[in-house]
file start-v7.cif (mmCIF, C-alpha atoms and all ligand atoms)
data_target
loop_
_atom_site.label_atom_id
_atom_site.label_comp_id
_atom_site.auth_asym_id
_atom_site.auth_seq_id
_atom_site.Cartn_x
_atom_site.Cartn_y
_atom_site.Cartn_z
CA MET A 1 81.47 146.79 104.48
CA ARG A 2 84.89 148.42 104.88
CA ARG A 3 87.73 146.09 105.86
CA VAL A 4 90.19 147.78 108.23
CA PRO A 5 93.42 145.82 108.76
CA PHE A 6 94.84 145.90 112.29
CA TRP A 7 97.83 144.40 114.00
CA LEU A 8 98.44 143.68 117.66
CA TRP A 9 101.63 143.92 119.69
CA GLY A 10 101.07 142.00 122.93
CA VAL A 11 98.80 138.96 123.05
CA GLY A 12 98.63 138.99 126.87
CA GLY A 13 95.61 139.43 129.11
CA VAL A 14 94.30 142.56 127.36
CA GLY A 15 95.37 141.67 123.80
CA SER A 16 93.82 138.19 123.99
CA THR A 17 90.57 139.64 125.32
CA LEU A 18 90.49 142.11 122.43
CA LEU A 19 90.94 139.29 119.90
CA ARG A 20 88.22 137.23 121.59
CA LEU A 21 85.85 140.22 121.57
CA LEU A 22 86.40 140.76 117.86
CA ALA A 23 86.10 137.07 117.02
CA GLY A 24 82.93 136.63 119.11
CA GLU A 25 79.47 136.91 117.69
CA SER A 26 78.27 139.90 119.69
CA ALA A 27 81.01 142.55 119.38
CA GLY A 28 82.38 141.66 115.94
CA GLN A 29 78.92 141.38 114.41
CA ARG A 30 77.58 144.53 116.07
CA ILE A 31 80.58 146.54 114.82
CA ARG A 32 79.97 145.26 111.31
CA GLN A 33 76.28 146.19 111.52
CA ARG A 34 76.48 149.52 113.37
CA VAL A 35 79.80 150.88 112.10
CA GLY A 36 80.05 149.14 108.74
CA VAL A 37 83.61 148.10 109.49
CA GLU A 38 85.27 144.71 109.75
CA PHE A 39 88.54 144.69 111.64
CA VAL A 40 90.88 142.20 109.98
CA PRO A 41 93.93 140.93 111.97
CA VAL A 42 97.04 141.05 109.76
CA MET A 43 99.75 140.54 112.40
CA LEU A 44 99.89 139.21 115.96
CA ALA A 45 103.15 139.68 117.86
CA ASP A 46 104.47 138.77 121.29
CA SER A 47 107.94 139.41 122.68
CA GLN A 48 109.53 136.58 120.65
CA GLY A 49 107.88 136.55 117.25
CA TYR A 50 104.94 137.27 115.02
CA LEU A 51 102.41 135.77 112.66
CA VAL A 52 101.68 137.86 109.58
CA GLU A 53 99.22 137.64 106.69
CA PRO A 54 98.33 140.87 104.81
CA ALA A 55 95.10 139.35 103.48
CA GLY A 56 94.01 138.62 107.06
CA LEU A 57 94.98 135.81 109.44
CA THR A 58 92.41 133.03 109.40
CA PRO A 59 90.20 132.50 112.49
CA ALA A 60 92.00 129.16 112.98
CA SER A 61 95.36 130.89 112.99
CA VAL A 62 94.17 133.52 115.52
CA GLU A 63 92.74 130.73 117.68
CA GLN A 64 96.10 128.90 117.56
CA ALA A 65 97.92 132.02 118.72
CA LEU A 66 95.41 132.56 121.55
CA ALA A 67 95.72 128.94 122.66
CA ALA A 68 99.53 129.17 122.57
CA LYS A 69 99.54 132.32 124.72
CA GLU A 70 96.95 130.95 127.15
CA GLY A 71 99.23 127.93 127.55
CA LYS A 72 102.15 130.31 128.30
CA GLY A 73 103.76 129.47 124.95
CA SER A 74 105.31 131.76 122.34
CA ILE A 75 103.95 132.80 118.97
CA VAL A 76 107.35 132.12 117.43
CA ASN A 77 106.80 128.37 117.85
CA LEU A 78 103.62 128.36 115.71
CA PRO A 79 103.74 127.18 112.07
CA GLY A 80 104.62 130.05 109.73
CA ALA A 81 105.67 132.42 112.56
CA ARG A 82 108.77 134.58 112.32
CA PRO A 83 111.15 135.62 115.07
CA ALA A 84 111.24 139.26 116.27
CA THR A 85 112.21 140.51 119.68
CA SER A 86 111.22 144.14 119.21
CA ALA A 87 108.14 145.96 117.94
CA SER A 88 110.30 147.64 115.27
CA GLU A 89 111.40 144.26 113.96
CA SER A 90 107.86 142.86 113.66
CA LEU A 91 106.69 146.15 112.11
CA ALA A 92 109.45 145.91 109.49
CA GLY A 93 108.18 142.41 108.67
CA LEU A 94 104.67 143.76 108.21
CA ARG A 95 105.75 146.81 106.17
CA ALA A 96 107.69 144.58 103.82
CA ARG A 97 104.38 142.90 102.94
CA MET A 98 101.78 145.69 102.98
CA ASN A 99 101.13 149.42 102.91
CA LEU A 100 100.18 150.57 106.42
CA ARG A 101 98.10 153.59 105.35
CA GLY A 102 94.61 153.18 106.80
CA ALA A 103 95.58 150.22 109.00
CA ILE A 104 95.61 150.29 112.81
CA GLY A 105 98.41 149.12 115.13
CA VAL A 106 97.52 148.29 118.75
CA ASP A 107 100.16 148.39 121.50
CA ALA A 108 98.86 146.15 124.31
CA THR A 109 102.35 145.35 125.59
CA ALA A 110 103.84 146.50 128.86
CA SER A 111 107.08 147.34 127.05
CA ASP A 112 109.20 150.49 127.40
CA ALA A 113 110.60 150.07 123.92
CA THR A 114 107.69 150.33 121.47
CA ALA A 115 107.83 154.11 120.85
CA PRO A 116 110.08 154.01 117.73
CA ALA A 117 107.76 151.47 116.08
CA LEU A 118 104.69 153.54 117.01
CA LEU A 119 106.27 156.63 115.42
CA ASP A 120 107.15 154.64 112.29
CA ALA A 121 103.58 153.37 112.03
CA LEU A 122 102.17 156.92 112.35
CA GLU A 123 104.68 158.15 109.77
CA ALA A 124 103.48 155.42 107.39
CA GLY A 125 99.88 156.68 107.68
CA ALA A 126 98.54 154.09 110.12
CA GLY A 127 96.42 154.74 113.19
CA VAL A 128 97.81 153.66 116.55
CA VAL A 129 95.94 152.65 119.70
CA LEU A 130 97.60 152.18 123.09
CA SER A 131 96.67 150.57 126.36
CA ASN A 132 100.40 150.63 127.17
CA LYS A 133 101.14 153.79 129.16
CA ARG A 134 104.91 153.59 128.88
CA PRO A 135 105.39 155.21 125.45
CA LEU A 136 103.50 158.29 126.71
CA THR A 137 105.36 158.50 130.01
CA GLY A 138 108.91 158.50 128.65
CA PRO A 139 110.69 161.78 127.79
CA LEU A 140 108.35 164.73 127.06
CA ALA A 141 109.68 165.03 123.49
CA GLN A 142 108.56 161.44 122.81
CA PHE A 143 105.07 162.19 124.18
CA GLN A 144 104.86 165.28 121.96
CA ALA A 145 106.00 163.38 118.87
CA LEU A 146 103.46 160.62 119.46
CA THR A 147 100.49 162.85 120.24
CA ARG A 148 101.01 165.41 117.48
CA THR A 149 98.38 163.54 115.48
CA ARG A 150 94.94 162.34 116.53
CA ARG A 151 95.73 159.16 114.63
CA LEU A 152 97.26 158.08 117.97
CA ARG A 153 94.54 157.19 120.50
CA HIS A 154 95.07 156.04 124.06
CA GLU A 155 91.78 156.02 125.98
CA ALA A 156 92.69 152.77 127.76
CA THR A 157 95.86 154.25 129.29
CA VAL A 158 93.87 156.04 132.03
CA GLY A 159 90.80 154.46 133.64
CA ALA A 160 90.80 151.45 131.24
CA GLY A 161 87.50 151.68 129.32
CA LEU A 162 86.22 154.82 131.09
CA PRO A 163 85.93 157.90 128.85
CA VAL A 164 88.63 159.87 130.66
CA ILE A 165 90.90 160.96 127.79
CA SER A 166 87.98 161.75 125.48
CA THR A 167 86.33 163.82 128.23
CA LEU A 168 89.53 165.77 128.86
CA ASN A 169 90.15 166.32 125.14
CA GLY A 170 86.52 167.42 124.72
CA LEU A 171 86.91 170.01 127.49
CA LEU A 172 90.20 171.30 126.05
CA ASP A 173 88.98 171.30 122.42
CA SER A 174 85.88 173.29 123.36
CA GLY A 175 87.97 176.01 124.98
CA ASP A 176 87.29 175.20 128.63
CA ARG A 177 90.16 175.80 131.05
CA ILE A 178 91.12 173.01 133.44
CA THR A 179 91.74 174.36 136.93
CA ALA A 180 92.31 171.05 138.73
CA ILE A 181 92.09 167.31 138.25
CA GLN A 182 91.77 165.03 141.24
CA GLY A 183 90.91 161.42 141.67
CA CYS A 184 91.58 157.80 142.46
CA PHE A 185 93.35 156.35 139.42
CA SER A 186 94.24 152.86 140.66
CA GLY A 187 91.78 149.98 140.93
CA THR A 188 94.27 147.98 142.99
CA LEU A 189 94.99 150.75 145.49
CA GLY A 190 91.24 151.52 145.68
CA TYR A 191 90.57 147.88 146.49
CA VAL A 192 93.21 147.83 149.25
CA CYS A 193 91.96 151.14 150.72
CA ALA A 194 88.34 149.95 150.72
CA ALA A 195 89.38 146.77 152.57
CA LEU A 196 91.38 148.79 155.14
CA ASN A 197 88.42 151.09 155.72
CA ARG A 198 86.20 148.03 156.35
CA GLY A 199 88.58 146.99 159.11
CA GLU A 200 90.67 144.41 157.26
CA SER A 201 94.38 144.34 157.97
CA TYR A 202 96.87 145.74 155.44
CA SER A 203 98.50 142.35 154.97
CA ALA A 204 95.16 140.59 154.37
CA ALA A 205 94.01 143.34 151.97
CA VAL A 206 97.18 143.15 149.87
CA LEU A 207 97.10 139.35 149.72
CA ARG A 208 93.41 139.37 148.76
CA ALA A 209 94.09 141.90 145.97
CA MET A 210 96.74 139.48 144.68
CA GLU A 211 94.47 136.42 144.94
CA ALA A 212 91.66 138.25 143.15
CA GLY A 213 94.05 139.03 140.27
CA TYR A 214 93.77 142.81 140.76
CA ALA A 215 97.38 143.37 141.78
CA GLU A 216 100.50 142.90 139.68
CA PRO A 217 102.44 139.67 140.36
CA ASP A 218 104.69 141.76 142.62
CA PRO A 219 102.08 143.93 144.45
CA ARG A 220 104.71 146.60 145.12
CA ASP A 221 104.44 147.55 141.43
CA ASP A 222 100.97 148.89 142.33
CA LEU A 223 101.64 149.92 145.92
CA CYS A 224 104.64 152.08 144.97
CA GLY A 225 102.31 154.50 143.16
CA LEU A 226 104.20 154.41 139.82
CA ASP A 227 101.11 153.38 137.85
CA VAL A 228 99.18 156.32 139.36
CA ALA A 229 102.11 158.61 138.54
CA ARG A 230 102.09 157.47 134.90
CA LYS A 231 98.35 158.20 134.58
CA ALA A 232 98.73 161.57 136.32
CA LEU A 233 101.60 162.42 133.95
CA ILE A 234 99.55 161.56 130.85
CA LEU A 235 96.65 163.77 132.00
CA SER A 236 99.00 166.62 133.00
CA ARG A 237 100.82 166.50 129.66
CA LEU A 238 97.52 166.54 127.77
CA CYS A 239 96.74 169.73 129.68
CA GLY A 240 99.95 171.18 128.24
CA ARG A 241 102.20 170.85 131.26
CA ALA A 242 105.86 170.22 130.45
CA LEU A 243 106.52 167.57 133.09
CA GLU A 244 108.69 164.47 133.33
CA LEU A 245 107.81 161.41 135.39
CA SER A 246 110.51 162.37 137.92
CA ASP A 247 108.70 165.69 138.59
CA LEU A 248 105.70 163.90 140.13
CA GLN A 249 105.65 163.41 143.84
CA VAL A 250 104.00 160.10 144.63
CA ARG A 251 104.22 158.48 148.05
CA PRO A 252 104.28 154.68 148.05
CA MET A 253 101.56 152.90 149.99
CA ILE A 254 104.30 150.77 151.51
CA PRO A 255 105.54 151.56 155.01
CA ALA A 256 109.23 152.58 155.01
CA ARG A 257 110.14 149.64 157.24
CA LEU A 258 109.37 147.25 154.36
CA ASP A 259 111.60 149.05 151.84
CA GLY A 260 114.28 147.22 149.89
CA LEU A 261 113.17 143.63 150.56
CA SER A 262 112.88 140.73 148.14
CA LYS A 263 109.29 139.96 147.08
CA GLU A 264 109.14 136.86 149.29
CA GLU A 265 110.50 138.71 152.32
CA PHE A 266 108.13 141.63 151.66
CA LEU A 267 105.10 139.32 151.60
CA ARG A 268 106.27 137.46 154.70
CA ARG A 269 106.78 140.67 156.67
CA LEU A 270 103.60 142.43 155.47
CA PRO A 271 101.86 141.97 158.87
CA GLU A 272 104.52 144.25 160.42
CA ALA A 273 102.72 147.14 158.74
CA ASP A 274 99.24 146.18 159.98
CA ALA A 275 99.25 148.17 163.22
CA GLU A 276 100.50 151.39 161.57
CA MET A 277 97.85 151.19 158.83
CA ALA A 278 95.06 150.28 161.28
CA ASP A 279 96.03 153.32 163.34
CA MET A 280 95.72 155.60 160.30
CA VAL A 281 92.26 154.13 159.56
CA ARG A 282 91.18 154.68 163.20
CA GLN A 283 92.39 158.29 163.22
CA ALA A 284 90.58 159.00 159.95
CA ALA A 285 87.36 157.34 161.21
CA GLY A 286 87.48 159.63 164.27
CA ARG A 287 87.13 162.58 161.87
CA LYS A 288 84.36 160.80 159.85
CA GLN A 289 86.95 160.22 157.15
CA VAL A 290 88.36 157.19 155.31
CA LEU A 291 91.71 156.41 153.69
CA SER A 292 92.04 156.86 149.95
CA TYR A 293 94.99 156.94 147.52
CA VAL A 294 94.44 160.30 145.88
CA ALA A 295 96.14 161.89 142.88
CA ASP A 296 96.02 165.67 142.73
CA LEU A 297 97.11 167.43 139.54
CA SER A 298 96.47 170.98 140.67
CA ALA A 299 99.78 171.60 142.45
CA PRO A 300 102.85 172.74 140.44
CA ALA A 301 104.16 169.17 140.92
CA PRO A 302 101.28 166.67 140.73
CA THR A 303 101.08 164.47 143.80
CA GLY A 304 99.77 161.04 144.74
CA GLY A 305 99.48 159.43 148.12
CA LEU A 306 97.40 158.02 150.90
CA GLN A 307 95.08 160.66 152.38
CA SER A 308 92.12 160.72 154.66
CA VAL A 309 89.09 162.05 152.82
CA ASP A 310 85.48 162.85 153.73
CA ALA A 311 83.68 159.47 153.98
CA ALA A 312 80.55 160.94 152.38
CA GLY A 313 82.40 162.70 149.52
CA PRO A 314 82.96 161.38 145.99
CA LEU A 315 86.44 159.99 146.80
CA GLY A 316 85.37 158.46 150.12
CA ARG A 317 82.31 156.69 148.67
CA LEU A 318 84.29 154.87 145.99
CA ALA A 319 83.77 151.09 146.05
CA GLY A 320 85.78 148.04 144.96
CA THR A 321 88.22 148.64 142.14
CA ASP A 322 86.37 151.70 140.81
CA ASN A 323 88.28 154.77 139.65
CA ILE A 324 87.03 158.33 139.80
CA ILE A 325 88.44 161.32 137.93
CA LEU A 326 87.13 164.77 138.88
CA PHE A 327 87.65 167.59 136.36
CA TYR A 328 87.40 171.11 137.82
CA THR A 329 87.22 173.68 135.05
CA GLU A 330 86.12 177.22 134.35
CA ARG A 331 82.70 175.83 133.36
CA TYR A 332 82.52 173.01 135.92
CA HIS A 333 83.65 174.87 139.03
CA ASP A 334 81.27 174.22 141.93
CA THR A 335 80.49 170.63 141.00
CA PRO A 336 83.26 168.95 139.02
CA LEU A 337 82.64 166.90 135.92
CA SER A 338 83.24 163.38 137.15
CA VAL A 339 83.98 160.12 135.37
CA GLN A 340 83.59 157.05 137.56
CA GLY A 341 83.46 153.28 137.17
CA PRO A 342 85.63 150.17 136.94
CA GLY A 343 89.12 151.39 136.09
CA ALA A 344 90.87 148.05 135.59
CA GLY A 345 90.16 144.67 134.10
CA ARG A 346 90.84 142.98 130.79
CA ALA A 347 87.35 143.28 129.31
CA VAL A 348 86.91 147.00 130.05
CA THR A 349 90.47 147.76 128.87
CA ALA A 350 89.92 145.85 125.62
CA SER A 351 86.66 147.75 125.25
CA GLY A 352 88.55 151.07 125.56
CA ILE A 353 90.92 149.91 122.80
CA LEU A 354 88.02 148.87 120.61
CA THR A 355 86.31 152.24 121.03
CA ASP A 356 89.50 153.95 119.86
CA MET A 357 89.79 151.59 116.88
CA ILE A 358 86.21 152.42 115.88
CA THR A 359 86.82 156.17 116.23
CA LEU A 360 89.93 155.88 114.07
CA ALA A 361 88.15 153.78 111.44
CA ARG A 362 85.26 156.27 111.34
CA GLU A 363 86.90 159.66 111.70
CA GLU A 364 90.56 159.69 110.92
CA LEU A 365 91.54 156.89 108.59
CA GLY A 366 88.30 157.06 106.61
CA HIS A 367 89.28 160.50 105.27
CA ASP A 368 92.94 159.86 104.48
N1 LIG A 401 94.93 144.77 132.69
C1 LIG A 401 94.38 145.96 132.89
O1 LIG A 401 93.38 146.11 133.61
C2 LIG A 401 94.95 147.16 132.18
C3 LIG A 401 94.25 148.39 132.24
C4 LIG A 401 94.77 149.49 131.52
C5 LIG A 401 95.98 149.37 130.84
N2 LIG A 401 96.64 148.17 130.86
C6 LIG A 401 97.91 148.08 130.13
O2 LIG A 401 97.74 147.25 129.00
C7 LIG A 401 98.98 146.61 128.69
C8 LIG A 401 98.76 145.11 128.59
O3 LIG A 401 98.34 144.60 129.84
P1 LIG A 401 98.22 143.03 130.07
O4 LIG A 401 97.62 142.86 131.40
O5 LIG A 401 97.61 142.40 128.89
O6 LIG A 401 99.79 142.62 130.12
P2 LIG A 401 100.42 141.18 129.87
O7 LIG A 401 99.42 140.11 130.13
O8 LIG A 401 101.72 141.18 130.63
O9 LIG A 401 100.73 141.14 128.30
C9 LIG A 401 101.76 141.88 127.71
C10 LIG A 401 102.12 141.22 126.40
O10 LIG A 401 103.04 142.05 125.70
C11 LIG A 401 103.94 141.19 125.00
N3 LIG A 401 105.12 141.93 124.56
C12 LIG A 401 106.16 142.41 125.27
N4 LIG A 401 107.05 143.00 124.45
C13 LIG A 401 106.57 142.89 123.19
C14 LIG A 401 107.01 143.31 121.91
N5 LIG A 401 108.16 143.95 121.75
N6 LIG A 401 106.24 143.06 120.83
C15 LIG A 401 105.08 142.40 120.94
N7 LIG A 401 104.59 141.98 122.15
C16 LIG A 401 105.33 142.21 123.25
C17 LIG A 401 104.20 140.06 125.97
O11 LIG A 401 104.72 138.96 125.27
P3 LIG A 401 105.26 137.66 126.00
O12 LIG A 401 104.01 136.87 126.35
O13 LIG A 401 106.06 136.99 124.94
O14 LIG A 401 106.05 138.09 127.18
C18 LIG A 401 102.78 139.85 126.51
O15 LIG A 401 102.08 138.97 125.65
C19 LIG A 401 99.95 147.00 129.81
O16 LIG A 401 100.76 148.07 129.37
C20 LIG A 401 99.03 147.44 130.95
O17 LIG A 401 99.64 148.39 131.81
C21 LIG A 401 96.14 147.07 131.48
#
call {"tool": "encode", "arguments": {"input": "start-v7.cif", "output": "structure tokens"}}
result
Amino acid sequence: MRRVPFWLWGVGGVGSTLLRLLAGESAGQRIRQRVGVEFVPVMLADSQGYLVEPAGLTPASVEQALAAKEGKGSIVNLPGARPATSASESLAGLRARMNLRGAIGVDATASDATAPALLDALEAGAGVVLSNKRPLTGPLAQFQALTRTRRLRHEATVGAGLPVISTLNGLLDSGDRITAIQGCFSGTLGYVCAALNRGESYSAAVLRAMEAGYAEPDPRDDLCGLDVARKALILSRLCGRALELSDLQVRPMIPARLDGLSKEEFLRRLPEADAEMADMVRQAAGRKQVLSYVADLSAPAPTGGLQSVDAAGPLGRLAGTDNIILFYTERYHDTPLSVQGPGAGRAVTASGILTDMITLAREELGHD
């Protein structure tokens, strides 16, 4: 059995689920049996501090950290924890205690500021796994520096646990040429569109997405299209396109009349947009179409926005919070290669991270 040390930045919804998966009987044991690897947590960090133990944190210590975070507490208040307010600071604490070669660092934060620490970890010979999209959607030079080695994996950044990045890399590695990528990249926007198409009002659909825990605490973070833009940028950059986030043209799924309000005012005035949205649904239905928030990477500037699409087509048939990514290539030209399924959720996102950790343990770090 090979012991692979890993550390985790971000013990939030996704990070906690990852730790629970690894601690549980089924996943942890199956990985040991099938892969011959035991992932050993050596550092857990949140935005205030970290717990570190190069020999491996005990299950009791991991459980304490999980309980603290579930109770909205901070790791820094746990016995033996150290303060650190940046990923670089906690990484320095870890590096002072162990050699990172062959270990894996997981960024499950939603922070803009982890990139320097990720680069340091790669430089030190570690593998890095991201569910955090932000490091890959900053300046192009930062994306290029991070992705110059396959020791950085980021399957969970697009489509959560769906094999989107591995499919794209497989097509590119095997010499296929991507002609277009199209799809629905947001579980939250898919959920709202599906509700609108069923005849629900815009205000009810947005509030239900919030209640169900699909939307961000401020639903405009989803509705503005930025999350879709980040995913579209990652896929475009992997295809070799030299784009910045500001080059993408995404249209918010928020009527202009509700621009610039506080969150409370926005939620209170949501019903003002109901008639306009219902009218768009009616017009689409008249053409046997439905509304869908579609990203299209084929144009010189990738776009995202609400469109009416064929109700019987792959985009129109999408249900619930599912994502679909259609790859049109030289080899897949008449029928695209499509990847479809739940594109959000803690368990599937943690599963995407775990798959990357296993790939790293098997393929990359094993040969260093
Ligand atoms: N949920 C999904 O379905 C999904 C799908 C795909 C990708 N993702 C991405 O996965 C990431 C995590 O999502 P989530 O839902 O778990 O978010 P979350 O619940 O908000 O958790 C984020 C965590 O990051 C921590 N953090 C912030 N800065 C840090 C730092 N410098 N060092 C260490 N930890 C730090 C926060 O600590 P504090 O608790 O101290 O604030 C928090 O625990 C996000 O980037 C998200 O976009 C999520």
call {"tool": "residues_around", "arguments": {"input": "start-v7.cif", "residues": "region 246-253 of chain A", "least_positions_apart": "5", "cutoff": "9 Å", "atoms": "all atoms listed in the file", "output": "mmCIF file with C-alpha atoms, in the frame of the given file"}}
result
data_model
loop_
_atom_site.group_PDB
_atom_site.id
_atom_site.type_symbol
_atom_site.label_atom_id
_atom_site.label_comp_id
_atom_site.auth_asym_id
_atom_site.auth_seq_id
_atom_site.Cartn_x
_atom_site.Cartn_y
_atom_site.Cartn_z
ATOM 1 C CA LEU A 189 94.990 150.750 145.490
ATOM 2 C CA ARG A 220 104.710 146.600 145.120
ATOM 3 C CA ASP A 222 100.970 148.890 142.330
ATOM 4 C CA LEU A 223 101.640 149.920 145.920
ATOM 5 C CA CYS A 224 104.640 152.080 144.970
ATOM 6 C CA GLY A 225 102.310 154.500 143.160
ATOM 7 C CA LEU A 226 104.200 154.410 139.820
ATOM 8 C CA VAL A 228 99.180 156.320 139.360
ATOM 9 C CA ALA A 229 102.110 158.610 138.540
ATOM 10 C CA ALA A 232 98.730 161.570 136.320
ATOM 11 C CA LEU A 233 101.600 162.420 133.950
ATOM 12 C CA TYR A 293 94.990 156.940 147.520
ATOM 13 C CA ALA A 295 96.140 161.890 142.880
ATOM 14 C CA ALA A 301 104.160 169.170 140.920
ATOM 15 C CA PRO A 302 101.280 166.670 140.730
ATOM 16 C CA THR A 303 101.080 164.470 143.800
ATOM 17 C CA GLY A 304 99.770 161.040 144.740
ATOM 18 C CA GLY A 305 99.480 159.430 148.120
ATOM 19 C CA LEU A 306 97.400 158.020 150.900
#
call {"tool": "closest_residue", "arguments": {"input": "start-v7.cif", "among": "A:Gly127, A:Gly175, A:Gly161, A:Gly105", "to": "ligand LIG 401 (chain A)", "atoms": "all atoms listed in the file"}}
result
A:Gly161
call {"tool": "residues_around", "arguments": {"input": "start-v7.cif", "residues": "region 26-43 of chain A", "least_positions_apart": "5", "cutoff": "8 Å", "atoms": "only C-alpha atoms", "output": "PyMOL selection string"}}
result
chain A and resi 1-8+21+50-57+94+358+361-362
call {"tool": "residues_near_point", "arguments": {"input": "start-v7.cif", "point": "(89.9, 152.9, 156.0)", "cutoff": "7 Å", "atoms": "only C-alpha atoms", "output": "MDAnalysis selection string"}}
result
chainID A and resid 193:194 196:199 281 290:291
call {"tool": "residues_near_ligand", "arguments": {"input": "start-v7.cif", "ligand": "ligand LIG 401 (chain A)", "cutoff": "8 Å", "atoms": "only C-alpha atoms and all ligand atoms", "output": "mmCIF file with C-alpha atoms, keeping the file's coordinate frame"}}
result
data_model
loop_
_atom_site.group_PDB
_atom_site.id
_atom_site.type_symbol
_atom_site.label_atom_id
_atom_site.label_comp_id
_atom_site.auth_asym_id
_atom_site.auth_seq_id
_atom_site.Cartn_x
_atom_site.Cartn_y
_atom_site.Cartn_z
ATOM 1 C CA LEU A 8 98.440 143.680 117.660
ATOM 2 C CA TRP A 9 101.630 143.920 119.690
ATOM 3 C CA GLY A 10 101.070 142.000 122.930
ATOM 4 C CA VAL A 11 98.800 138.960 123.050
ATOM 5 C CA GLY A 12 98.630 138.990 126.870
ATOM 6 C CA GLY A 13 95.610 139.430 129.110
ATOM 7 C CA VAL A 14 94.300 142.560 127.360
ATOM 8 C CA GLY A 15 95.370 141.670 123.800
ATOM 9 C CA SER A 16 93.820 138.190 123.990
ATOM 10 C CA LEU A 44 99.890 139.210 115.960
ATOM 11 C CA ALA A 45 103.150 139.680 117.860
ATOM 12 C CA ASP A 46 104.470 138.770 121.290
ATOM 13 C CA SER A 47 107.940 139.410 122.680
ATOM 14 C CA GLN A 48 109.530 136.580 120.650
ATOM 15 C CA GLY A 49 107.880 136.550 117.250
ATOM 16 C CA TYR A 50 104.940 137.270 115.020
ATOM 17 C CA LYS A 69 99.540 132.320 124.720
ATOM 18 C CA LYS A 72 102.150 130.310 128.300
ATOM 19 C CA GLY A 73 103.760 129.470 124.950
ATOM 20 C CA SER A 74 105.310 131.760 122.340
ATOM 21 C CA ILE A 75 103.950 132.800 118.970
ATOM 22 C CA ALA A 84 111.240 139.260 116.270
ATOM 23 C CA THR A 85 112.210 140.510 119.680
ATOM 24 C CA SER A 86 111.220 144.140 119.210
ATOM 25 C CA ALA A 87 108.140 145.960 117.940
ATOM 26 C CA SER A 88 110.300 147.640 115.270
ATOM 27 C CA SER A 90 107.860 142.860 113.660
ATOM 28 C CA ASP A 107 100.160 148.390 121.500
ATOM 29 C CA ALA A 108 98.860 146.150 124.310
ATOM 30 C CA THR A 109 102.350 145.350 125.590
ATOM 31 C CA ALA A 110 103.840 146.500 128.860
ATOM 32 C CA SER A 111 107.080 147.340 127.050
ATOM 33 C CA ALA A 113 110.600 150.070 123.920
ATOM 34 C CA THR A 114 107.690 150.330 121.470
ATOM 35 C CA LEU A 130 97.600 152.180 123.090
ATOM 36 C CA SER A 131 96.670 150.570 126.360
ATOM 37 C CA ASN A 132 100.400 150.630 127.170
ATOM 38 C CA LYS A 133 101.140 153.790 129.160
ATOM 39 C CA ARG A 134 104.910 153.590 128.880
ATOM 40 C CA ALA A 156 92.690 152.770 127.760
ATOM 41 C CA THR A 157 95.860 154.250 129.290
ATOM 42 C CA VAL A 158 93.870 156.040 132.030
ATOM 43 C CA GLY A 159 90.800 154.460 133.640
ATOM 44 C CA ALA A 160 90.800 151.450 131.240
ATOM 45 C CA GLY A 161 87.500 151.680 129.320
ATOM 46 C CA TYR A 214 93.770 142.810 140.760
ATOM 47 C CA ASP A 227 101.110 153.380 137.850
ATOM 48 C CA GLY A 343 89.120 151.390 136.090
ATOM 49 C CA ALA A 344 90.870 148.050 135.590
ATOM 50 C CA GLY A 345 90.160 144.670 134.100
ATOM 51 C CA ARG A 346 90.840 142.980 130.790
ATOM 52 C CA ALA A 347 87.350 143.280 129.310
ATOM 53 C CA VAL A 348 86.910 147.000 130.050
ATOM 54 C CA THR A 349 90.470 147.760 128.870
#
call {"tool": "atom_distance", "arguments": {"input": "start-v7.cif", "atom1": "CA of Leu19 (chain A)", "atom2": "CA of Gly170 (chain A)"}}
result
28.9 Å
call {"tool": "atom_distance", "arguments": {"input": "start-v7.cif", "atom1": "CA of Leu354 (chain A)", "atom2": "CA of Pro314 (chain A)"}}
result
28.7 Å
